[in-house]
Each structure stands twice: as C-alpha cells, then as structure tokens.
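Next comes structure_1.txt, a file with compact mmCIF, C-alpha atoms (C1' of nucleotides).
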```
# COMPACT_ATOMS: atom_id res chain seq x y z
CA MET N 1 19.95 13.59 0.82
CA GLY N 2 20.88 10.40 2.59
CA ILE N 3 22.41 9.77 5.99
CA ILE N 4 24.63 12.56 7.30
CA ARG N 5 24.98 11.89 11.02
CA LYS N 6 25.60 8.58 12.72
CA THR N 7 22.78 8.62 15.23
CA LYS N 8 21.38 6.01 17.57
CA SER N 9 18.42 5.37 15.23
CA VAL N 10 20.63 4.77 12.22
CA ALA N 11 22.88 2.41 14.18
CA LEU N 12 19.94 0.43 15.57
CA LEU N 13 18.25 0.01 12.21
CA LEU N 14 21.43 -0.83 10.33
CA ASP N 15 22.21 -3.44 12.95
CA VAL N 16 18.90 -5.22 12.38
CA PHE N 17 19.50 -5.48 8.66
CA GLU N 18 23.05 -6.64 9.27
CA LYS N 19 21.80 -9.58 11.31
CA GLU N 20 18.73 -10.34 9.21
CA SER N 21 19.26 -12.01 5.87
CA LYS N 22 15.63 -11.63 4.81
CA ALA N 23 13.56 -8.57 4.09
CA ILE N 24 11.76 -6.77 6.93
CA ALA N 25 8.39 -5.03 6.75
CA THR N 26 8.19 -1.45 8.02
CA THR N 27 5.27 -2.47 10.21
CA ASP N 28 7.46 -5.15 11.76
CA LEU N 29 10.25 -2.67 12.48
CA ILE N 30 7.78 -0.31 14.10
CA LYS N 31 6.66 -3.13 16.40
CA ARG N 32 10.21 -4.27 17.17
CA PHE N 33 11.34 -0.78 18.15
CA ASP N 34 8.05 0.02 19.81
CA THR N 35 9.35 1.89 22.86
CA VAL N 36 12.80 2.63 21.46
CA LEU N 37 12.15 4.51 18.23
CA ASN N 38 9.28 6.58 16.95
CA LYS N 39 7.64 5.33 13.76
CA THR N 40 8.23 8.65 12.05
CA THR N 41 11.94 8.27 12.70
CA ILE N 42 11.90 4.74 11.35
CA TYR N 43 10.21 5.78 8.12
CA ARG N 44 12.64 8.66 7.67
CA VAL N 45 15.82 6.70 8.40
CA LEU N 46 14.78 3.88 6.06
CA GLU N 47 14.12 6.40 3.32
CA LYS N 48 17.60 7.83 3.71
CA LEU N 49 19.28 4.44 3.84
CA GLU N 50 17.57 3.66 0.56
CA GLU N 51 18.81 6.90 -0.99
CA ASP N 52 22.30 5.90 0.05
CA GLY N 53 21.97 2.54 -1.68
CA ILE N 54 22.33 0.64 1.57
CA LEU N 55 18.79 -0.69 1.58
CA HIS N 56 16.23 -1.23 -1.15
CA SER N 57 12.48 -1.46 -0.83
CA PHE N 58 9.54 -3.18 -2.45
CA LEU N 59 5.83 -3.59 -1.82
CA GLY N 60 4.47 -6.90 -0.58
CA PHE N 61 1.18 -8.40 -1.70
CA ASN N 62 -0.83 -6.43 0.82
CA GLY N 63 0.76 -3.13 -0.19
CA ILE N 64 3.04 -2.96 2.84
CA LYS N 65 6.56 -1.68 2.33
CA TRP N 66 9.50 -4.03 2.88
CA TYR N 67 13.18 -3.22 3.12
CA ALA N 68 16.23 -5.40 2.63
CA LYS N 69 19.97 -4.94 2.39
CA CYS N 70 21.33 -4.17 -1.04
CA LYS N 71 24.07 -6.38 -2.36
CA GLN N 72 25.29 -4.51 -5.40
CA CYS N 73 23.63 -1.13 -5.13
CA VAL N 74 25.38 2.19 -4.83
CA LYS N 75 23.88 5.60 -4.16
CA ASP N 76 21.37 6.80 -6.75
CA ASN N 77 21.93 3.72 -8.84
CA HIS N 78 19.67 0.91 -7.77
CA THR N 79 20.75 -1.83 -10.09
CA ASP N 80 19.44 -4.32 -7.63
CA THR N 81 16.38 -5.45 -9.55
CA HIS N 82 16.13 -9.05 -8.48
CA PRO N 83 12.71 -10.58 -7.78
CA HIS N 84 11.21 -10.89 -4.30
CA PHE N 85 9.39 -13.83 -2.84
CA GLN N 86 6.67 -13.67 -0.23
CA CYS N 87 5.41 -16.76 1.57
CA THR N 88 1.66 -17.17 1.91
CA SER N 89 2.02 -19.25 5.07
CA CYS N 90 4.47 -17.36 7.27
CA GLY N 91 4.16 -14.03 5.47
CA LYS N 92 7.92 -13.48 5.32
CA ALA N 93 9.57 -11.99 2.27
CA GLU N 94 13.05 -12.34 0.85
CA CYS N 95 15.25 -11.40 -2.09
CA LEU N 96 15.90 -13.97 -4.78
CA ASP N 97 19.39 -13.95 -6.16
CA VAL N 98 18.43 -14.31 -9.81
CA THR N 99 18.35 -12.05 -12.82
CA ILE N 100 15.19 -12.16 -14.89
CA ALA N 101 15.58 -11.13 -18.50
CA LEU N 102 12.85 -8.80 -19.69
CA PRO N 103 11.95 -8.22 -23.33
CA GLU N 104 11.85 -4.78 -24.94
CA PHE N 105 8.44 -3.17 -24.76
CA PRO N 106 7.43 -1.18 -27.84
CA ASP N 107 6.28 2.43 -27.40
CA ARG N 108 7.34 2.49 -23.79
CA GLU N 109 10.41 3.51 -21.89
CA VAL N 110 10.78 1.13 -18.97
CA VAL N 111 12.81 2.62 -16.14
CA PHE N 112 12.19 0.23 -13.30
CA SER N 113 10.62 -3.16 -12.79
CA GLN N 114 9.43 -5.11 -9.83
CA LEU N 115 8.76 -8.83 -9.81
CA LEU N 116 6.98 -10.28 -6.82
CA LEU N 117 6.46 -14.01 -6.38
CA LYS N 118 3.99 -15.62 -4.04
CA GLY N 119 3.98 -19.13 -2.71
CA LYS N 120 5.34 -21.41 -0.02
CA CYS N 121 8.84 -21.00 1.30
CA ASN N 122 11.40 -23.59 2.17
CA THR N 123 10.50 -23.76 5.84
CA CYS N 124 6.74 -23.82 5.36
CA LEU N 125 6.91 -26.55 2.71
CA ALA N 126 8.48 -28.85 5.29
CA ASN N 127 5.50 -28.54 7.65
CA MET D 25 -19.22 -16.14 -3.98
CA GLY D 26 -19.21 -13.86 -6.99
CA ILE D 27 -21.97 -11.83 -8.55
CA ILE D 28 -25.47 -13.25 -8.08
CA ARG D 29 -27.82 -10.41 -8.83
CA LYS D 30 -27.67 -7.94 -11.68
CA THR D 31 -27.86 -4.71 -9.77
CA LYS D 32 -27.37 -1.07 -10.75
CA SER D 33 -23.90 -1.02 -9.18
CA VAL D 34 -22.73 -4.07 -11.09
CA ALA D 35 -24.06 -2.68 -14.37
CA LEU D 36 -22.42 0.71 -13.83
CA LEU D 37 -19.02 -0.72 -12.94
CA LEU D 38 -19.03 -3.31 -15.71
CA ASP D 39 -19.90 -0.58 -18.16
CA VAL D 40 -16.84 1.47 -17.20
CA PHE D 41 -14.49 -1.45 -17.74
CA GLU D 42 -16.22 -2.25 -21.02
CA LYS D 43 -15.43 1.20 -22.35
CA GLU D 44 -12.00 1.55 -20.78
CA SER D 45 -9.16 -0.42 -22.31
CA LYS D 46 -6.70 0.44 -19.54
CA ALA D 47 -6.67 -0.43 -15.88
CA ILE D 48 -8.56 1.73 -13.37
CA ALA D 49 -7.54 2.50 -9.80
CA THR D 50 -10.12 1.91 -7.07
CA THR D 51 -9.52 5.47 -5.85
CA ASP D 52 -10.37 6.72 -9.31
CA LEU D 53 -13.59 4.71 -9.42
CA ILE D 54 -14.60 6.08 -6.03
CA LYS D 55 -14.14 9.61 -7.37
CA ARG D 56 -15.95 8.90 -10.64
CA PHE D 57 -19.00 7.47 -8.86
CA ASP D 58 -18.80 9.97 -6.04
CA THR D 59 -22.48 10.73 -5.62
CA VAL D 60 -23.74 7.63 -7.42
CA LEU D 61 -22.18 4.73 -5.55
CA ASN D 62 -20.84 4.26 -2.06
CA LYS D 63 -17.17 3.32 -1.82
CA THR D 64 -18.01 0.23 0.24
CA THR D 65 -20.22 -0.98 -2.58
CA ILE D 66 -17.49 -0.32 -5.12
CA TYR D 67 -14.93 -2.34 -3.17
CA ARG D 68 -17.38 -5.18 -2.72
CA VAL D 69 -18.55 -5.35 -6.32
CA LEU D 70 -14.98 -5.26 -7.66
CA GLU D 71 -14.05 -8.10 -5.35
CA LYS D 72 -16.90 -10.20 -6.67
CA LEU D 73 -16.16 -9.41 -10.29
CA GLU D 74 -12.63 -10.60 -9.65
CA GLU D 75 -13.88 -13.86 -8.13
CA ASP D 76 -15.95 -14.39 -11.25
CA GLY D 77 -12.87 -13.95 -13.45
CA ILE D 78 -14.32 -10.87 -15.14
CA LEU D 79 -11.75 -8.50 -13.67
CA HIS D 80 -8.28 -8.98 -12.29
CA SER D 81 -6.37 -6.75 -9.90
CA PHE D 82 -2.83 -5.68 -9.12
CA LEU D 83 -1.10 -3.15 -6.89
CA GLY D 84 0.47 -0.05 -8.40
CA PHE D 85 3.74 1.47 -7.23
CA ASN D 86 2.08 3.43 -4.45
CA GLY D 87 0.25 0.39 -3.12
CA ILE D 88 -3.10 1.38 -4.57
CA LYS D 89 -5.27 -1.35 -6.05
CA TRP D 90 -6.00 -1.34 -9.77
CA TYR D 91 -8.54 -3.39 -11.70
CA ALA D 92 -8.71 -4.30 -15.37
CA LYS D 93 -10.77 -6.56 -17.58
CA CYS D 94 -9.56 -10.10 -17.93
CA LYS D 95 -9.02 -11.47 -21.37
CA GLN D 96 -8.55 -15.18 -20.81
CA CYS D 97 -9.56 -15.66 -17.21
CA VAL D 98 -12.38 -17.83 -15.97
CA LYS D 99 -13.78 -18.16 -12.50
CA ASP D 100 -11.30 -19.34 -9.85
CA ASN D 101 -8.61 -19.75 -12.47
CA HIS D 102 -6.74 -16.53 -12.99
CA THR D 103 -4.31 -17.54 -15.68
CA ASP D 104 -4.03 -13.92 -16.64
CA THR D 105 -0.51 -13.29 -15.36
CA HIS D 106 0.74 -10.71 -17.82
CA PRO D 107 2.86 -7.78 -16.61
CA HIS D 108 1.45 -4.35 -15.86
CA PHE D 109 2.90 -1.01 -16.79
CA GLN D 110 2.50 2.21 -14.85
CA CYS D 111 3.51 5.58 -16.27
CA THR D 112 5.48 7.89 -14.00
CA SER D 113 4.18 10.97 -15.80
CA CYS D 114 0.44 10.49 -16.13
CA GLY D 115 0.13 7.79 -13.45
CA LYS D 116 -2.03 5.55 -15.63
CA ALA D 117 -1.59 1.80 -15.62
CA GLU D 118 -2.29 -0.84 -18.24
CA CYS D 119 -1.94 -4.52 -19.02
CA LEU D 120 0.86 -5.66 -21.31
CA ASP D 121 -0.07 -8.45 -23.65
CA VAL D 122 3.10 -10.47 -23.22
CA THR D 123 4.05 -13.67 -21.47
CA ILE D 124 7.20 -13.54 -19.38
CA ALA D 125 8.93 -16.85 -18.83
CA LEU D 126 10.02 -17.42 -15.26
CA PRO D 127 12.66 -19.90 -14.19
CA GLU D 128 12.10 -22.57 -11.57
CA PHE D 129 12.98 -21.47 -8.06
CA PRO D 130 14.60 -24.13 -5.89
CA ASP D 131 13.11 -24.88 -2.46
CA ARG D 132 10.04 -22.82 -3.18
CA GLU D 133 6.59 -23.45 -4.54
CA VAL D 134 5.61 -20.39 -6.57
CA VAL D 135 1.86 -20.03 -6.90
CA PHE D 136 1.47 -16.55 -8.28
CA SER D 137 3.66 -13.83 -9.69
CA GLN D 138 3.23 -10.16 -10.36
CA LEU D 139 5.46 -8.10 -12.61
CA LEU D 140 5.10 -4.34 -12.51
CA LEU D 141 6.96 -2.05 -14.88
CA LYS D 142 7.48 1.63 -14.38
CA GLY D 143 8.39 4.24 -16.98
CA LYS D 144 6.98 6.54 -19.61
CA CYS D 145 4.01 5.56 -21.69
CA ASN D 146 3.38 6.11 -25.35
CA THR D 147 1.47 9.33 -24.90
CA CYS D 148 3.82 10.89 -22.37
CA LEU D 149 6.92 10.11 -24.45
CA ALA D 150 5.50 12.29 -27.21
CA ASN D 151 5.35 15.35 -24.97
C1' DT I 9 36.45 22.00 25.94
C1' DT I 10 32.94 24.98 24.65
C1' DT I 11 29.91 26.96 21.32
C1' DA I 12 27.23 27.48 17.15
C1' DT I 13 24.45 25.41 13.80
C1' DA I 14 22.17 22.33 11.10
C1' DT I 15 20.44 17.64 11.26
C1' DT I 16 17.65 14.54 13.51
C1' DT I 17 14.08 13.10 16.64
C1' DG I 18 9.56 12.57 19.02
C1' DC I 19 5.11 13.97 19.39
C1' DA I 20 0.58 14.81 18.04
C1' DA I 21 -2.39 15.46 14.71
C1' DC I 22 -3.61 14.35 10.17
C1' DT I 23 -4.49 11.85 5.54
C1' DT I 24 -5.96 8.18 2.90
C1' DA I 25 -7.07 3.33 1.47
C1' DG I 26 -9.59 -0.09 2.77
C1' DT I 27 -12.82 -2.78 6.24
C1' DT I 28 -16.80 -3.98 9.30
C1' DG I 29 -21.45 -4.29 11.30
C1' DC I 30 -25.86 -3.34 10.70
C1' DA I 31 -30.30 -1.79 9.26
C1' DG I 32 -32.88 -0.75 5.21
C1' DT I 33 -33.54 -1.73 0.15
C1' DA I 34 -34.19 -4.31 -3.91
C1' DA I 35 -33.57 -8.47 -7.09
C1' DC I 36 -35.75 -12.46 -8.19
C1' DA I 37 -37.85 -17.07 -7.56
C1' DA I 38 -42.05 -19.18 -6.22
C1' DT U 13 -47.76 -10.51 -5.03
C1' DT U 14 -44.98 -12.08 -1.54
C1' DG U 15 -41.00 -14.06 0.92
C1' DT U 16 -36.29 -14.76 1.02
C1' DT U 17 -31.76 -13.40 0.69
C1' DA U 18 -28.37 -10.68 -1.68
C1' DC U 19 -26.99 -6.16 -1.96
C1' DT U 20 -26.41 -1.29 -0.63
C1' DG U 21 -25.42 2.87 2.11
C1' DC U 22 -24.04 4.73 6.19
C1' DA U 23 -21.14 5.64 9.90
C1' DA U 24 -17.60 4.39 12.44
C1' DC U 25 -13.33 2.17 12.46
C1' DT U 26 -8.41 0.35 11.35
C1' DA U 27 -3.91 0.74 9.81
C1' DA U 28 -0.05 2.61 6.96
C1' DG U 29 2.18 6.36 6.14
C1' DT U 30 2.86 11.77 6.26
C1' DT U 31 3.48 16.57 8.05
C1' DG U 32 4.73 20.57 10.97
C1' DC U 33 7.03 21.97 14.69
C1' DA U 34 9.60 22.38 18.92
C1' DA U 35 13.19 20.09 21.51
C1' DA U 36 17.37 17.26 21.34
C1' DT U 37 21.87 16.00 19.64
C1' DA U 38 25.81 15.11 16.32
C1' DT U 39 29.50 17.45 14.55
C1' DA U 40 32.46 21.12 12.85
C1' DA U 41 34.61 25.34 14.20
C1' DA U 42 36.45 28.40 17.77
```

When written as structure tokens, how does the structure in this file appear?
Amino acid sequence: MGIIRKTKSVALLLDVFEKESKAIATTDLIKRFDTVLNKTTIYRVLEKLEEDGILHSFLGFNGIKWYAKCKQCVKDNHTDTHPHFQCTSCGKAECLDVTIALPEFPDREVVFSQLLLKGKCNTCLAN
Amino acid sequence: MGIIRKTKSVALLLDVFEKESKAIATTDLIKRFDTVLNKTTIYRVLEKLEEDGILHSFLGFNGIKWYAKCKQCVKDNHTDTHPHFQCTSCGKAECLDVTIALPEFPDREVVFSQLLLKGKCNTCLAN
DNA sequence: TTTATATTTGCAACTTAGTTGCAGTAACAA
DNA sequence: TTGTTACTGCAACTAAGTTGCAAATATAAA
C-alpha cells in the first residue's frame, strides 16, 4: 500500500538514503537506529518505500537484504534492473549504473532478473 | 578439504543429484532426508561436494541456498557461472545453459558474478 | 482547536536457515 | 584386527526476518 503518513520513522530512514550514495543492509540500519527505531518498524517502512518506488532491494551474497535509492523507478514499476556490486573486503554493496542486455530464454517467461557481482571495490583495491 | 571418505551420507546425496536434473534447495533436502540424515550432516556434505567441484550453489530469491550438479567445474575452479532461473509459480530453480557476456567495470576487480532470473517455467506456463 | 479514526509503532514472542562444539561412530590404511 | 582420523548426530545456539496485538500518533473532519 505504500507510505501514507509522514512519520518520524519514514523521515529518519529517507534521510539516511538521501545522504548515502551506496546501498545499505537492513542489518546495518537496525544497528544504526538501535535505540531510535524498532527493527520491526524498519522492515515495514523499507517495504513500503520499495512499494512506492523510492527504494529498491536486492540480496547480497550472504542472503542479507540490501536497500538503495531508486533512480528511475516509479511505483509498481521497478525498471531499475541494474547490477549490484558487493566488495569482498569491506562488505559494502552498491548499484552499478549499467544496463546488461539479456538474451531471450526459450520456454520461459522472465519477469525479473538480478545480477550480483563480487570482487574488490575502488577503495579496497588501493590498500 | 573436500570429500575424503565414501560414507552413506555422501552416497545418498550424490545419488539425488545424479537423478535430479534441476537444482535442489537445502531446505528441500533436509525434508527429503528427514529421518535418514541430520541437517548438520547435509550442510557439511554439500559444502564439501562444492569444494570438490561436484556441486555448485547459488541463492534463490528468498535467500535460501540451492545446489546443483556442475557440468564443467573442477576442484577450486568454479568456471560454472551460468545464470539460474527460479519459477514464481512452482518455486523450482534450475541452471540455464547459456553464457552471458559481462562488460568490464571500471575501478573494480570482479571475481565472481551471479545472475538470477525470475519468472514462469515451461511447465507452469502450460497451466 | 478538538475529536474521531485509521495508520503506524514498539514489544515480545515466534519462525526458520544455518552454525558450532562435542562425544560417539565408522571408514580405511597399516 | 587395530589405530587413527574423518564423519555423524545431537542439542543448543545465532541471526534475519515475521506476526499479533495493544498503545501511540498523523491527519481529516467537525
């Protein structure tokens, strides 16, 4: 159903994603808002922000859910199917601003795809 | 360290993957071998079979781990980086025998990639 | 400004996938 | 047959995410 009321929780979470250019893991958000927001609230607000096309989510290599700001998405139409990159050194994940062309797959109707890349990021390569 | 001894557990699990052409979720294996094998054993044997290049694994859309037989992999060299397809209707997952070309990503060293497709499979499209 | 109502929140308890330590069992080489 | 060491099962644990419900609060209407 998406966000209906502008509450403290919504404002706080939106603010984090406004300031952060990279993706953020739910577990990280729960830690950051430890005494401020309940984890149930965090999960629920994120879910609604995704429905509204404001955030999008993906699963990292350990199965943990990550969220990031959408650039071209609108409600109920997540066209934002860029790949995501997760660094093996620092663990951070980010969106890659590229479009990957996928072939047609016979006998299957592909609705959604998720490409996850693993390796060393910019910062960690320097060290 | 991989498989060293040919035990009952190894034989049972290998047999399932021999007969099954599709991927199998760990949760499914735990159910199938409910009274026969302990879940700890299942996790441990699968891990070793993957090290040996006999199986490979990937995460489905709900973060659950799936295993499937490798076709071209050898120990410590998982070249088997084909995409995987998971059906939204029946929930089953399978390997797709295609190679997807990925571009070079600047400022990053990509070591591994995982492409997961979601949609309706052959069988479910017919219904 | 006050009131009514429906959304949102926090809490606690729960579910489920996967892990760990350890003691007993079994594969296999000598 | 025996000794060594890998493997297994058990129980207890960890961690991510979910659920139900009562209390709190945003917002529209009076």

CA of Pro127 in chain D and CA of Gln114 in chain N are how many Å apart?
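Pair CA of Pro127 in chain D / CA of Gln114 in chain N returns 15.8 Å.
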
Counting all atoms listed in the file, which residues from chain U have an atom at most 12 Å from any atom of chain N, and could you show them as an MDAnalysis selection string?
chainID U and resid 27:31 36:39

May I have the residues from that selection written out with C-alpha atoms (C1' of nucleotides), as a PDB file, in the frame of the given file?
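Everything below was put into out37.pdb:
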```pdb
ATOM      1  C1'  DA U  27      -3.910   0.740   9.810  1.00  0.00           C
ATOM      2  C1'  DA U  28      -0.050   2.610   6.960  1.00  0.00           C
ATOM      3  C1'  DG U  29       2.180   6.360   6.140  1.00  0.00           C
ATOM      4  C1'  DT U  30       2.860  11.770   6.260  1.00  0.00           C
ATOM      5  C1'  DT U  31       3.480  16.570   8.050  1.00  0.00           C
ATOM      6  C1'  DA U  36      17.370  17.260  21.340  1.00  0.00           C
ATOM      7  C1'  DT U  37      21.870  16.000  19.640  1.00  0.00           C
ATOM      8  C1'  DA U  38      25.810  15.110  16.320  1.00  0.00           C
ATOM      9  C1'  DT U  39      29.500  17.450  14.550  1.00  0.00           C
TER      10       DT U  39
END
```

Distance table requested - chain N against chain D, cut-off 9 Å, all atoms listed in the file: one row per qualifying residue with the closest atom pair and its distance in Å to one decimal, ordered by chain and rising residue number, as a tab-separated table.
```
residue	atom	partner	partner_atom	distance
N:Phe58	CA	D:Phe85	CA	8.8
N:Leu59	CA	D:Gly87	CA	7.0
N:Gly60	CA	D:Gly87	CA	8.8
N:Phe61	CA	D:Leu83	CA	7.7
N:Asn62	CA	D:Gly87	CA	7.9
N:Gly63	CA	D:Gly87	CA	4.6
N:Ile64	CA	D:Gly87	CA	7.4
N:Lys65	CA	D:Gly87	CA	8.6
N:Phe85	CA	D:Val134	CA	8.4
N:Cys87	CA	D:Val134	CA	8.9
N:Leu96	CA	D:Phe129	CA	8.7
N:Ile100	CA	D:Leu126	CA	7.4
N:Ala101	CA	D:Ile124	CA	8.8
N:Leu102	CA	D:Ile124	CA	7.4
N:Pro103	CA	D:Ile124	CA	8.2
N:Phe105	CA	D:Leu120	CA	8.7
N:Pro106	CA	D:Asn146	CA	8.7
N:Asp107	CA	D:Asn146	CA	5.1
N:Arg108	CA	D:Cys145	CA	5.0
N:Glu109	CA	D:Lys144	CA	5.1
N:Val110	CA	D:Gly143	CA	4.4
N:Val111	CA	D:Gly143	CA	4.8
N:Phe112	CA	D:Lys142	CA	5.0
N:Ser113	CA	D:Leu141	CA	4.4
N:Gln114	CA	D:Leu140	CA	5.2
N:Leu115	CA	D:Leu139	CA	4.4
N:Leu116	CA	D:Gln138	CA	5.2
N:Leu117	CA	D:Ser137	CA	4.3
N:Lys118	CA	D:Phe136	CA	5.0
N:Gly119	CA	D:Val134	CA	4.4
N:Lys120	CA	D:Glu133	CA	5.1
N:Cys121	CA	D:Arg132	CA	5.0
N:Asn122	CA	D:Asp131	CA	5.1
N:Thr123	CA	D:Asp131	CA	8.8
N:Leu125	CA	D:Arg132	CA	7.6
```

Output as a ChimeraX atom specification the set of chain I residues within 12 Å of chain N, with distances taken over only C-alpha atoms (C1' of nucleotides).
/I:14-20,25-26

Could you write those residues out with C-alpha atoms (C1' of nucleotides), as a PDB file, keeping the file's coordinate frame?
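Okay, this is what ended up in again.pdb:
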```pdb
ATOM      1  C1'  DA I  14      22.170  22.330  11.100  1.00  0.00           C
ATOM      2  C1'  DT I  15      20.440  17.640  11.260  1.00  0.00           C
ATOM      3  C1'  DT I  16      17.650  14.540  13.510  1.00  0.00           C
ATOM      4  C1'  DT I  17      14.080  13.100  16.640  1.00  0.00           C
ATOM      5  C1'  DG I  18       9.560  12.570  19.020  1.00  0.00           C
ATOM      6  C1'  DC I  19       5.110  13.970  19.390  1.00  0.00           C
ATOM      7  C1'  DA I  20       0.580  14.810  18.040  1.00  0.00           C
ATOM      8  C1'  DA I  25      -7.070   3.330   1.470  1.00  0.00           C
ATOM      9  C1'  DG I  26      -9.590  -0.090   2.770  1.00  0.00           C
TER      10       DG I  26
END
```

Using 5 Å of padding on each side, determine the axis-aligned box around all atoms of range 15-25 of chain I present in the file and give its centre and edge lengths in Å to one decimal, as JSON.
```
{"center_x": 6.7, "center_y": 10.5, "center_z": 10.4, "size_x": 37.5, "size_y": 24.3, "size_z": 27.9}
```

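As for CA of His80 in chain D and CA of Glu118 in chain D, they are spaced 11.7 Å apart.
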
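For the atom pair formed by CA of Ala47 in chain D and CA of Cys119 in chain D, the distance is 7.0 Å, given to one decimal.
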
Compile the contact shell of DA12 in chain I as a list in words: residues with an atom at most 10 Å away, counting only C-alpha atoms (C1' of nucleotides), same-chain residues fewer than 6 positions apart removed.
DA40, DA41 and DA42 of chain U

Within 10 Å of DT33 in chain I, counting all atoms listed in the file, which residues show up once you throw out same-chain ones fewer than 6 positions away? Write them as a list in words, please.
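Once the adjacent positions are removed, what remains is DC19, DT20 and DG21 of chain U.
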
Find the residues near DC25 in chain U: any atom within 10 Å, counting all atoms listed in the file, skip ones fewer than 2 places away on the same chain, and give them as a ChimeraX atom specification.
/I:27-28 /U:23,27
